[in-house]
file upload07.txt (compact mmCIF, N, CA and C atoms)
# COMPACT_ATOMS: atom_id res chain seq x y z
N MET A 24 116.74 -115.28 -27.79
CA MET A 24 116.80 -115.24 -29.24
C MET A 24 117.19 -113.84 -29.73
N GLU A 25 116.53 -112.86 -29.12
CA GLU A 25 116.81 -111.48 -29.52
C GLU A 25 118.27 -111.11 -29.24
N GLU A 26 118.79 -111.54 -28.12
CA GLU A 26 120.19 -111.27 -27.78
C GLU A 26 121.13 -111.93 -28.78
N GLN A 27 120.80 -113.12 -29.20
CA GLN A 27 121.62 -113.84 -30.17
C GLN A 27 121.64 -113.10 -31.50
N ARG A 28 120.49 -112.62 -31.95
CA ARG A 28 120.42 -111.85 -33.21
C ARG A 28 121.22 -110.56 -33.10
N GLU A 29 121.13 -109.91 -31.97
CA GLU A 29 121.87 -108.67 -31.77
C GLU A 29 123.38 -108.92 -31.78
N ARG A 30 123.83 -110.01 -31.19
CA ARG A 30 125.25 -110.38 -31.22
C ARG A 30 125.70 -110.64 -32.65
N GLU A 31 124.86 -111.32 -33.42
CA GLU A 31 125.18 -111.59 -34.83
C GLU A 31 125.29 -110.30 -35.63
N ARG A 32 124.35 -109.39 -35.42
CA ARG A 32 124.39 -108.10 -36.13
C ARG A 32 125.65 -107.32 -35.76
N ARG A 33 125.97 -107.32 -34.49
CA ARG A 33 127.17 -106.62 -34.03
C ARG A 33 128.42 -107.22 -34.67
N LYS A 34 128.48 -108.54 -34.71
CA LYS A 34 129.62 -109.23 -35.31
C LYS A 34 129.73 -108.89 -36.80
N GLN A 35 128.61 -108.87 -37.50
CA GLN A 35 128.62 -108.53 -38.93
C GLN A 35 129.09 -107.10 -39.15
N ARG A 36 128.64 -106.17 -38.31
CA ARG A 36 129.07 -104.77 -38.43
C ARG A 36 130.58 -104.66 -38.20
N GLN A 37 131.09 -105.39 -37.23
CA GLN A 37 132.52 -105.36 -36.95
C GLN A 37 133.31 -105.92 -38.13
N GLU A 38 132.83 -107.00 -38.72
CA GLU A 38 133.51 -107.60 -39.86
C GLU A 38 133.50 -106.67 -41.07
N ARG A 39 132.36 -106.00 -41.30
CA ARG A 39 132.29 -105.03 -42.40
C ARG A 39 133.24 -103.88 -42.15
N GLY A 40 133.28 -103.39 -40.92
CA GLY A 40 134.18 -102.30 -40.57
C GLY A 40 135.63 -102.66 -40.78
N ARG A 41 136.00 -103.87 -40.38
CA ARG A 41 137.37 -104.34 -40.55
C ARG A 41 137.72 -104.45 -42.03
N ALA A 42 136.80 -104.99 -42.83
CA ALA A 42 137.04 -105.13 -44.26
C ALA A 42 137.18 -103.75 -44.92
N GLU A 43 136.38 -102.80 -44.51
CA GLU A 43 136.47 -101.44 -45.06
C GLU A 43 137.80 -100.79 -44.68
N ARG A 44 138.25 -100.98 -43.43
CA ARG A 44 139.53 -100.42 -43.00
C ARG A 44 140.68 -101.03 -43.80
N GLU A 45 140.63 -102.34 -43.99
CA GLU A 45 141.68 -103.01 -44.75
C GLU A 45 141.73 -102.50 -46.18
N ALA A 46 140.58 -102.34 -46.80
CA ALA A 46 140.53 -101.83 -48.17
C ALA A 46 141.06 -100.39 -48.23
N ALA A 47 140.72 -99.58 -47.25
CA ALA A 47 141.20 -98.20 -47.21
C ALA A 47 142.71 -98.17 -47.04
N GLU A 48 143.25 -99.05 -46.20
CA GLU A 48 144.70 -99.10 -45.99
C GLU A 48 145.41 -99.52 -47.28
N LYS A 49 144.89 -100.50 -47.98
CA LYS A 49 145.49 -100.94 -49.24
C LYS A 49 145.48 -99.82 -50.27
N ALA A 50 144.34 -99.16 -50.40
CA ALA A 50 144.21 -98.07 -51.37
C ALA A 50 145.13 -96.91 -51.01
N ALA A 51 145.22 -96.57 -49.73
CA ALA A 51 146.07 -95.47 -49.29
C ALA A 51 147.54 -95.78 -49.56
N TRP A 52 147.95 -97.03 -49.33
CA TRP A 52 149.34 -97.41 -49.58
C TRP A 52 149.66 -97.32 -51.06
N LYS A 53 148.75 -97.80 -51.89
CA LYS A 53 148.97 -97.74 -53.34
C LYS A 53 149.10 -96.29 -53.80
N GLU A 54 148.22 -95.44 -53.32
CA GLU A 54 148.29 -94.02 -53.68
C GLU A 54 149.59 -93.39 -53.17
N TYR A 55 149.98 -93.73 -51.96
CA TYR A 55 151.21 -93.21 -51.36
C TYR A 55 152.41 -93.55 -52.25
N GLU A 56 152.52 -94.80 -52.64
CA GLU A 56 153.64 -95.22 -53.48
C GLU A 56 153.59 -94.57 -54.86
N LEU A 57 152.41 -94.49 -55.45
CA LEU A 57 152.28 -93.86 -56.77
C LEU A 57 152.65 -92.37 -56.72
N ARG A 58 152.25 -91.70 -55.67
CA ARG A 58 152.56 -90.28 -55.56
C ARG A 58 154.06 -90.07 -55.35
N TRP A 59 154.70 -90.96 -54.59
CA TRP A 59 156.15 -90.84 -54.44
C TRP A 59 156.85 -91.09 -55.77
N GLU A 60 156.38 -92.09 -56.52
CA GLU A 60 156.96 -92.35 -57.84
C GLU A 60 156.83 -91.12 -58.73
N SER A 61 155.68 -90.49 -58.70
CA SER A 61 155.45 -89.30 -59.50
C SER A 61 156.38 -88.17 -59.10
N ILE A 62 156.53 -87.96 -57.80
CA ILE A 62 157.41 -86.89 -57.32
C ILE A 62 158.86 -87.15 -57.72
N ASN A 63 159.27 -88.41 -57.65
CA ASN A 63 160.66 -88.76 -57.94
C ASN A 63 160.96 -88.92 -59.42
N SER A 64 159.93 -88.98 -60.25
CA SER A 64 160.17 -89.17 -61.68
C SER A 64 160.75 -87.90 -62.28
N SER A 65 161.53 -88.06 -63.30
CA SER A 65 162.19 -86.92 -63.92
C SER A 65 161.20 -85.97 -64.57
N GLU A 66 160.11 -86.51 -65.10
CA GLU A 66 159.14 -85.64 -65.79
C GLU A 66 158.39 -84.71 -64.85
N SER A 67 158.29 -85.07 -63.58
CA SER A 67 157.55 -84.21 -62.66
C SER A 67 158.48 -83.36 -61.79
N SER A 68 159.78 -83.40 -62.07
CA SER A 68 160.72 -82.67 -61.22
C SER A 68 160.52 -81.17 -61.32
N ASP A 69 159.83 -80.69 -62.35
CA ASP A 69 159.58 -79.27 -62.49
C ASP A 69 158.32 -78.83 -61.76
N GLY A 70 157.45 -79.78 -61.41
CA GLY A 70 156.18 -79.44 -60.79
C GLY A 70 156.34 -78.90 -59.38
N GLU A 71 155.51 -77.91 -59.07
CA GLU A 71 155.54 -77.32 -57.74
C GLU A 71 154.72 -78.18 -56.79
N LEU A 72 155.27 -78.44 -55.61
CA LEU A 72 154.60 -79.25 -54.61
C LEU A 72 153.92 -78.35 -53.59
N THR A 73 152.88 -78.88 -52.97
CA THR A 73 152.17 -78.17 -51.91
C THR A 73 152.01 -79.12 -50.73
N PHE A 74 151.52 -78.60 -49.62
CA PHE A 74 151.26 -79.46 -48.46
C PHE A 74 150.31 -80.58 -48.86
N GLU A 75 149.33 -80.27 -49.68
CA GLU A 75 148.32 -81.25 -50.08
C GLU A 75 148.86 -82.31 -51.04
N THR A 76 149.89 -81.99 -51.82
CA THR A 76 150.39 -82.96 -52.79
C THR A 76 151.50 -83.85 -52.24
N ILE A 77 152.00 -83.54 -51.06
CA ILE A 77 153.01 -84.40 -50.43
C ILE A 77 152.32 -85.70 -50.00
N PRO A 78 152.88 -86.85 -50.32
CA PRO A 78 152.27 -88.12 -49.89
C PRO A 78 152.62 -88.43 -48.43
N TRP A 79 151.84 -87.93 -47.54
CA TRP A 79 152.07 -88.14 -46.11
C TRP A 79 151.77 -89.60 -45.75
N PRO A 80 152.53 -90.21 -44.85
CA PRO A 80 152.35 -91.62 -44.52
C PRO A 80 151.20 -91.86 -43.52
N GLN A 81 150.00 -91.66 -44.00
CA GLN A 81 148.79 -91.87 -43.21
C GLN A 81 147.69 -92.32 -44.15
N VAL A 82 146.70 -93.01 -43.61
CA VAL A 82 145.58 -93.45 -44.45
C VAL A 82 144.80 -92.23 -44.95
N ALA A 83 144.46 -91.33 -44.04
CA ALA A 83 143.73 -90.12 -44.41
C ALA A 83 144.72 -88.98 -44.60
N ARG A 84 144.55 -88.23 -45.67
CA ARG A 84 145.43 -87.09 -45.91
C ARG A 84 145.23 -86.03 -44.83
N PRO A 85 146.32 -85.55 -44.29
CA PRO A 85 146.18 -84.50 -43.27
C PRO A 85 145.85 -83.16 -43.93
N ARG A 86 145.08 -82.37 -43.24
CA ARG A 86 144.76 -81.01 -43.72
C ARG A 86 145.69 -79.99 -43.10
N THR A 87 146.20 -80.31 -41.90
CA THR A 87 147.11 -79.43 -41.20
C THR A 87 148.25 -80.27 -40.62
N VAL A 88 149.28 -79.61 -40.16
CA VAL A 88 150.41 -80.30 -39.54
C VAL A 88 149.93 -81.05 -38.29
N GLU A 89 148.98 -80.48 -37.58
CA GLU A 89 148.47 -81.11 -36.36
C GLU A 89 147.79 -82.45 -36.64
N ASP A 90 147.36 -82.67 -37.89
CA ASP A 90 146.74 -83.94 -38.27
C ASP A 90 147.76 -85.05 -38.47
N ILE A 91 149.03 -84.71 -38.53
CA ILE A 91 150.09 -85.70 -38.71
C ILE A 91 150.48 -86.20 -37.32
N ARG A 92 150.14 -87.45 -37.05
CA ARG A 92 150.38 -88.00 -35.71
C ARG A 92 151.15 -89.32 -35.79
N GLY A 93 151.95 -89.54 -34.77
CA GLY A 93 152.78 -90.74 -34.72
C GLY A 93 151.98 -92.02 -34.78
N THR A 94 150.84 -92.07 -34.09
CA THR A 94 150.04 -93.30 -34.10
C THR A 94 149.50 -93.58 -35.49
N ARG A 95 149.10 -92.55 -36.20
CA ARG A 95 148.59 -92.73 -37.57
C ARG A 95 149.69 -93.18 -38.51
N ILE A 96 150.87 -92.61 -38.34
CA ILE A 96 152.01 -92.99 -39.18
C ILE A 96 152.38 -94.46 -38.93
N ALA A 97 152.45 -94.84 -37.66
CA ALA A 97 152.79 -96.22 -37.31
C ALA A 97 151.76 -97.20 -37.86
N MET A 98 150.48 -96.87 -37.69
CA MET A 98 149.42 -97.76 -38.19
C MET A 98 149.53 -97.92 -39.71
N PHE A 99 149.85 -96.84 -40.39
CA PHE A 99 149.95 -96.87 -41.85
C PHE A 99 151.16 -97.68 -42.32
N LEU A 100 152.32 -97.35 -41.79
CA LEU A 100 153.55 -98.00 -42.25
C LEU A 100 153.65 -99.47 -41.83
N LEU A 101 153.06 -99.81 -40.69
CA LEU A 101 153.18 -101.17 -40.17
C LEU A 101 151.94 -102.02 -40.45
N SER A 102 151.06 -101.53 -41.28
CA SER A 102 149.84 -102.25 -41.60
C SER A 102 150.17 -103.59 -42.27
N SER A 103 149.37 -104.58 -41.99
CA SER A 103 149.55 -105.90 -42.60
C SER A 103 148.97 -105.95 -44.02
N GLN A 104 148.42 -104.85 -44.50
CA GLN A 104 147.77 -104.83 -45.80
C GLN A 104 148.72 -104.55 -46.96
N HIS A 105 150.00 -104.37 -46.68
CA HIS A 105 150.98 -104.11 -47.73
C HIS A 105 152.36 -104.55 -47.25
N SER A 106 153.28 -104.61 -48.15
CA SER A 106 154.70 -104.89 -47.84
C SER A 106 154.88 -106.14 -47.01
N GLU A 107 154.15 -107.20 -47.36
CA GLU A 107 154.18 -108.43 -46.56
C GLU A 107 155.58 -109.01 -46.42
N GLY A 108 156.44 -108.82 -47.40
CA GLY A 108 157.77 -109.41 -47.36
C GLY A 108 158.77 -108.65 -46.52
N LEU A 109 158.38 -107.49 -46.00
CA LEU A 109 159.31 -106.66 -45.25
C LEU A 109 159.02 -106.72 -43.75
N SER A 110 160.09 -106.78 -42.98
CA SER A 110 159.93 -106.74 -41.53
C SER A 110 159.58 -105.31 -41.11
N LYS A 111 159.15 -105.15 -39.87
CA LYS A 111 158.85 -103.81 -39.35
C LYS A 111 160.09 -102.92 -39.43
N LYS A 112 161.22 -103.50 -39.08
CA LYS A 112 162.46 -102.74 -39.11
C LYS A 112 162.79 -102.26 -40.53
N ASP A 113 162.59 -103.12 -41.52
CA ASP A 113 162.86 -102.76 -42.91
C ASP A 113 161.88 -101.69 -43.41
N ARG A 114 160.63 -101.77 -42.97
CA ARG A 114 159.64 -100.77 -43.37
C ARG A 114 160.02 -99.40 -42.81
N ILE A 115 160.43 -99.39 -41.56
CA ILE A 115 160.82 -98.12 -40.93
C ILE A 115 162.08 -97.58 -41.59
N ARG A 116 163.01 -98.45 -41.87
CA ARG A 116 164.25 -98.03 -42.54
C ARG A 116 163.95 -97.41 -43.90
N ALA A 117 163.06 -98.03 -44.67
CA ALA A 117 162.70 -97.49 -45.98
C ALA A 117 162.03 -96.12 -45.84
N ALA A 118 161.16 -95.99 -44.86
CA ALA A 118 160.49 -94.71 -44.64
C ALA A 118 161.49 -93.65 -44.19
N LEU A 119 162.44 -94.03 -43.37
CA LEU A 119 163.47 -93.08 -42.93
C LEU A 119 164.28 -92.56 -44.11
N ARG A 120 164.53 -93.41 -45.09
CA ARG A 120 165.27 -92.96 -46.27
C ARG A 120 164.49 -91.85 -46.99
N ARG A 121 163.19 -91.96 -47.02
CA ARG A 121 162.38 -90.92 -47.68
C ARG A 121 162.27 -89.65 -46.85
N TRP A 122 162.09 -89.83 -45.55
CA TRP A 122 161.73 -88.71 -44.70
C TRP A 122 162.90 -88.11 -43.92
N HIS A 123 164.09 -88.64 -44.06
CA HIS A 123 165.24 -88.08 -43.35
C HIS A 123 165.39 -86.62 -43.78
N PRO A 124 165.64 -85.72 -42.82
CA PRO A 124 165.72 -84.29 -43.14
C PRO A 124 166.71 -83.94 -44.25
N ASP A 125 167.84 -84.62 -44.32
CA ASP A 125 168.80 -84.32 -45.38
C ASP A 125 168.25 -84.66 -46.75
N ARG A 126 167.61 -85.80 -46.87
CA ARG A 126 167.07 -86.22 -48.16
C ARG A 126 165.79 -85.45 -48.49
N PHE A 127 164.91 -85.33 -47.51
CA PHE A 127 163.65 -84.62 -47.76
C PHE A 127 163.91 -83.14 -48.03
N GLY A 128 164.98 -82.63 -47.44
CA GLY A 128 165.32 -81.22 -47.66
C GLY A 128 165.50 -80.87 -49.12
N ARG A 129 165.93 -81.82 -49.93
CA ARG A 129 166.08 -81.57 -51.38
C ARG A 129 164.74 -81.28 -52.04
N LEU A 130 163.69 -81.89 -51.51
CA LEU A 130 162.35 -81.66 -52.07
C LEU A 130 161.80 -80.29 -51.71
N LEU A 131 162.26 -79.74 -50.61
CA LEU A 131 161.70 -78.46 -50.14
C LEU A 131 161.85 -77.35 -51.16
N SER A 132 162.88 -77.40 -51.98
CA SER A 132 163.05 -76.36 -52.99
C SER A 132 161.93 -76.40 -54.04
N ARG A 133 161.25 -77.53 -54.14
CA ARG A 133 160.15 -77.66 -55.10
C ARG A 133 158.79 -77.34 -54.48
N VAL A 134 158.76 -77.07 -53.18
CA VAL A 134 157.51 -76.79 -52.48
C VAL A 134 157.17 -75.32 -52.63
N ARG A 135 155.91 -75.05 -52.88
CA ARG A 135 155.41 -73.68 -53.01
C ARG A 135 155.82 -72.89 -51.76
N GLN A 136 156.30 -71.69 -51.97
CA GLN A 136 156.86 -70.87 -50.88
C GLN A 136 155.92 -70.75 -49.69
N GLU A 137 154.65 -70.51 -49.93
CA GLU A 137 153.72 -70.31 -48.81
C GLU A 137 153.43 -71.61 -48.04
N ASP A 138 153.77 -72.76 -48.61
CA ASP A 138 153.57 -74.05 -47.93
C ASP A 138 154.86 -74.61 -47.33
N ARG A 139 155.97 -73.99 -47.64
CA ARG A 139 157.27 -74.57 -47.28
C ARG A 139 157.43 -74.81 -45.78
N ALA A 140 157.09 -73.85 -44.96
CA ALA A 140 157.26 -74.01 -43.51
C ALA A 140 156.37 -75.13 -42.99
N LYS A 141 155.15 -75.20 -43.49
CA LYS A 141 154.21 -76.23 -43.06
C LYS A 141 154.71 -77.62 -43.48
N VAL A 142 155.21 -77.74 -44.69
CA VAL A 142 155.73 -79.03 -45.18
C VAL A 142 156.97 -79.43 -44.38
N GLU A 143 157.84 -78.47 -44.12
CA GLU A 143 159.04 -78.78 -43.35
C GLU A 143 158.69 -79.23 -41.94
N GLU A 144 157.73 -78.58 -41.32
CA GLU A 144 157.29 -78.98 -39.98
C GLU A 144 156.67 -80.38 -40.01
N GLY A 145 155.82 -80.65 -41.00
CA GLY A 145 155.20 -81.97 -41.12
C GLY A 145 156.23 -83.06 -41.36
N ALA A 146 157.22 -82.80 -42.20
CA ALA A 146 158.27 -83.77 -42.46
C ALA A 146 159.07 -84.03 -41.19
N GLY A 147 159.25 -82.99 -40.38
CA GLY A 147 159.94 -83.15 -39.10
C GLY A 147 159.17 -84.06 -38.16
N VAL A 148 157.84 -83.91 -38.13
CA VAL A 148 157.00 -84.77 -37.30
C VAL A 148 157.17 -86.23 -37.74
N VAL A 149 157.13 -86.46 -39.05
CA VAL A 149 157.28 -87.82 -39.58
C VAL A 149 158.64 -88.39 -39.20
N ALA A 150 159.70 -87.62 -39.43
CA ALA A 150 161.05 -88.10 -39.14
C ALA A 150 161.22 -88.41 -37.66
N ARG A 151 160.71 -87.56 -36.79
CA ARG A 151 160.82 -87.83 -35.34
C ARG A 151 160.07 -89.09 -34.96
N CYS A 152 158.91 -89.30 -35.56
CA CYS A 152 158.14 -90.51 -35.28
C CYS A 152 158.92 -91.75 -35.71
N LEU A 153 159.54 -91.69 -36.85
CA LEU A 153 160.28 -92.85 -37.37
C LEU A 153 161.53 -93.13 -36.54
N ASN A 154 162.13 -92.07 -36.03
CA ASN A 154 163.32 -92.27 -35.20
C ASN A 154 162.92 -92.83 -33.85
call {"tool": "encode", "arguments": {"input": "upload07.txt", "output": "structure tokens"}}
result
Amino acid sequence: MEEQRERERRKQRQERGRAEREAAEKAAWKEYELRWESINSSESSDGELTFETIPWPQVARPRTVEDIRGTRIAMFLLSSQHSEGLSKKDRIRAALRRWHPDRFGRLLSRVRQEDRAKVEEGAGVVARCLN
């Protein structure tokens, strides 16, 4: 009996954990898209960007370039919690359009000088992962 109760508790914890991860992924995707819209909008084109304000493609915001990892990027972009109508290939293609060095390079002029190298390195990590 005790073993059965313990299995049930474990199963409930796993289900709660999965539900929390799914909610976090949905919220992170929504924030990611909203932040990109803000960056691309004409009214915010004058605003200075920093490493912290760049919408990195991960559930948790990275604090350093080392926090930007291919596995985290893949989990975020290929999550089943968003973009249901897009294939994996289409999701990667859309991300490549944002993170390609030629296109992303245009944003670098808006990045605060002391963060520029860090942002450029982080964008490089993202682009290499997508390729």
call {"tool": "axis_aligned_box", "arguments": {"input": "upload07.txt", "around": "region 117-127 of chain A", "padding_each_side": "5 Å", "output": "JSON"}}
result
{"center_x": 164.6, "center_y": -90.6, "center_z": -45.7, "size_x": 18.3, "size_y": 24.9, "size_z": 15.7}
call {"tool": "residues_around", "arguments": {"input": "upload07.txt", "residues": "Pro124 (chain A)", "least_positions_apart": "3", "cutoff": "7 Å", "atoms": "all atoms listed in the file", "output": "list in words"}}
result
Arg121, Phe127, Gly128, Arg129, Ala146 and Ala150 of chain A
call {"tool": "atom_distance", "arguments": {"input": "upload07.txt", "atom1": "CA of Glu75 (chain A)", "atom2": "atom N of Arg44 (chain A)"}}
result
23.1 Å
call {"tool": "closest_residue", "arguments": {"input": "upload07.txt", "among": "A:Ala117, A:Leu109, A:Ile96, A:Leu131", "to": "Cys152 (chain A)", "atoms": "only C-alpha atoms"}}
result
A:Ile96
call {"tool": "atom_distance", "arguments": {"input": "upload07.txt", "atom1": "CA of Trp59 (chain A)", "atom2": "CA of Arg120 (chain A)"}}
result
12.4 Å
call {"tool": "residues_around", "arguments": {"input": "upload07.txt", "residues": "Ile115 (chain A)", "least_positions_apart": "6", "cutoff": "12 Å", "atoms": "only C-alpha atoms", "output": "ChimeraX atom specification"}}
result
/A:80,96-102,106,109,121-123,149-154
call {"tool": "residues_around", "arguments": {"input": "upload07.txt", "residues": "region 137-142 of chain A", "least_positions_apart": "6", "cutoff": "7 Å", "atoms": "only C-alpha atoms", "output": "ChimeraX atom specification"}}
result
/A:73-74,88,131
call {"tool": "atom_distance", "arguments": {"input": "upload07.txt", "atom1": "CA of Gly70 (chain A)", "atom2": "atom C of Leu130 (chain A)"}}
result
10.7 Å
call {"tool": "residues_around", "arguments": {"input": "upload07.txt", "residues": "Ala47 (chain A)", "least_positions_apart": "5", "cutoff": "7 Å", "atoms": "all atoms listed in the file", "output": "list in words"}}
result
Ala42, Trp52 and Val82 of chain A
call {"tool": "select_by_dssp", "arguments": {"input": "upload07.txt", "residues": "chain A", "states": "alpha helix (DSSP H)", "output": "PyMOL selection string"}}
result
chain A and resi 25-63+93-100+111-122+124-131+139-153
call {"tool": "closest_residue", "arguments": {"input": "upload07.txt", "among": "A:Ala46, A:Ala118, A:Val148, A:Ala51", "to": "Ala83 (chain A)", "atoms": "only N, CA and C atoms"}}
result
A:Ala51
call {"tool": "closest_residue", "arguments": {"input": "upload07.txt", "among": "A:Gly40, A:Arg116, A:Glu71, A:Ile62", "to": "Arg135 (chain A)", "atoms": "all atoms listed in the file"}}
result
A:Glu71
call {"tool": "build_atoms", "arguments": {"input": "upload07.txt", "residues": "region 108-117 of chain A", "atoms": "all heavy atoms", "output": "tab-separated table (two decimals), in the coordinates of the input"}}
result
chain	number	residue	atom	x	y	z
A	108	GLY	N	156.44	-108.82	-47.40
A	108	GLY	CA	157.77	-109.41	-47.36
A	108	GLY	C	158.77	-108.65	-46.52
A	108	GLY	O	159.89	-109.10	-46.34
A	109	LEU	N	158.38	-107.49	-46.00
A	109	LEU	CA	159.31	-106.66	-45.25
A	109	LEU	C	159.02	-106.72	-43.75
A	109	LEU	O	157.87	-106.68	-43.33
A	109	LEU	CB	159.23	-105.20	-45.70
A	109	LEU	CG	159.65	-104.89	-47.13
A	109	LEU	CD1	159.42	-103.42	-47.43
A	109	LEU	CD2	161.11	-105.26	-47.34
A	110	SER	N	160.09	-106.78	-42.98
A	110	SER	CA	159.93	-106.74	-41.53
A	110	SER	C	159.58	-105.31	-41.11
A	110	SER	O	159.73	-104.37	-41.89
A	110	SER	CB	161.23	-107.17	-40.85
A	110	SER	OG	162.24	-106.20	-41.06
A	111	LYS	N	159.15	-105.15	-39.87
A	111	LYS	CA	158.85	-103.81	-39.35
A	111	LYS	C	160.09	-102.92	-39.43
A	111	LYS	O	160.01	-101.76	-39.82
A	111	LYS	CB	158.36	-103.90	-37.91
A	111	LYS	CG	156.98	-104.47	-37.77
A	111	LYS	CD	156.55	-104.53	-36.32
A	111	LYS	CE	155.16	-105.13	-36.20
A	111	LYS	NZ	154.68	-105.13	-34.81
A	112	LYS	N	161.22	-103.50	-39.08
A	112	LYS	CA	162.46	-102.74	-39.11
A	112	LYS	C	162.79	-102.26	-40.53
A	112	LYS	O	163.19	-101.11	-40.73
A	112	LYS	CB	163.60	-103.62	-38.57
A	112	LYS	CG	164.91	-102.93	-38.41
A	112	LYS	CD	165.92	-103.86	-37.78
A	112	LYS	CE	167.25	-103.17	-37.58
A	112	LYS	NZ	168.22	-104.06	-36.92
A	113	ASP	N	162.59	-103.12	-41.52
A	113	ASP	CA	162.86	-102.76	-42.91
A	113	ASP	C	161.88	-101.69	-43.41
A	113	ASP	O	162.25	-100.81	-44.17
A	113	ASP	CB	162.79	-103.98	-43.82
A	113	ASP	CG	163.98	-104.91	-43.61
A	113	ASP	OD1	165.03	-104.43	-43.11
A	113	ASP	OD2	163.85	-106.11	-43.94
A	114	ARG	N	160.63	-101.77	-42.97
A	114	ARG	CA	159.64	-100.77	-43.37
A	114	ARG	C	160.02	-99.40	-42.81
A	114	ARG	O	159.94	-98.38	-43.50
A	114	ARG	CB	158.25	-101.15	-42.85
A	114	ARG	CG	157.66	-102.35	-43.52
A	114	ARG	CD	156.34	-102.65	-42.88
A	114	ARG	NE	155.79	-103.91	-43.35
A	114	ARG	CZ	154.51	-104.18	-43.36
A	114	ARG	NH1	153.64	-103.31	-42.91
A	114	ARG	NH2	154.08	-105.34	-43.79
A	115	ILE	N	160.43	-99.39	-41.56
A	115	ILE	CA	160.82	-98.12	-40.93
A	115	ILE	C	162.08	-97.58	-41.59
A	115	ILE	O	162.19	-96.38	-41.86
A	115	ILE	CB	160.99	-98.30	-39.41
A	115	ILE	CG1	159.62	-98.59	-38.79
A	115	ILE	CG2	161.64	-97.08	-38.77
A	115	ILE	CD1	159.65	-99.05	-37.35
A	116	ARG	N	163.01	-98.45	-41.87
A	116	ARG	CA	164.25	-98.03	-42.54
A	116	ARG	C	163.95	-97.41	-43.90
A	116	ARG	O	164.51	-96.36	-44.25
A	116	ARG	CB	165.19	-99.22	-42.69
A	116	ARG	CG	166.56	-98.85	-43.22
A	116	ARG	CD	167.49	-100.04	-43.30
A	116	ARG	NE	167.76	-100.54	-41.95
A	116	ARG	CZ	167.77	-101.82	-41.62
A	116	ARG	NH1	167.53	-102.75	-42.52
A	116	ARG	NH2	168.03	-102.19	-40.40
A	117	ALA	N	163.06	-98.03	-44.67
A	117	ALA	CA	162.70	-97.49	-45.98
A	117	ALA	C	162.03	-96.12	-45.84
A	117	ALA	O	162.31	-95.19	-46.61
A	117	ALA	CB	161.78	-98.47	-46.72
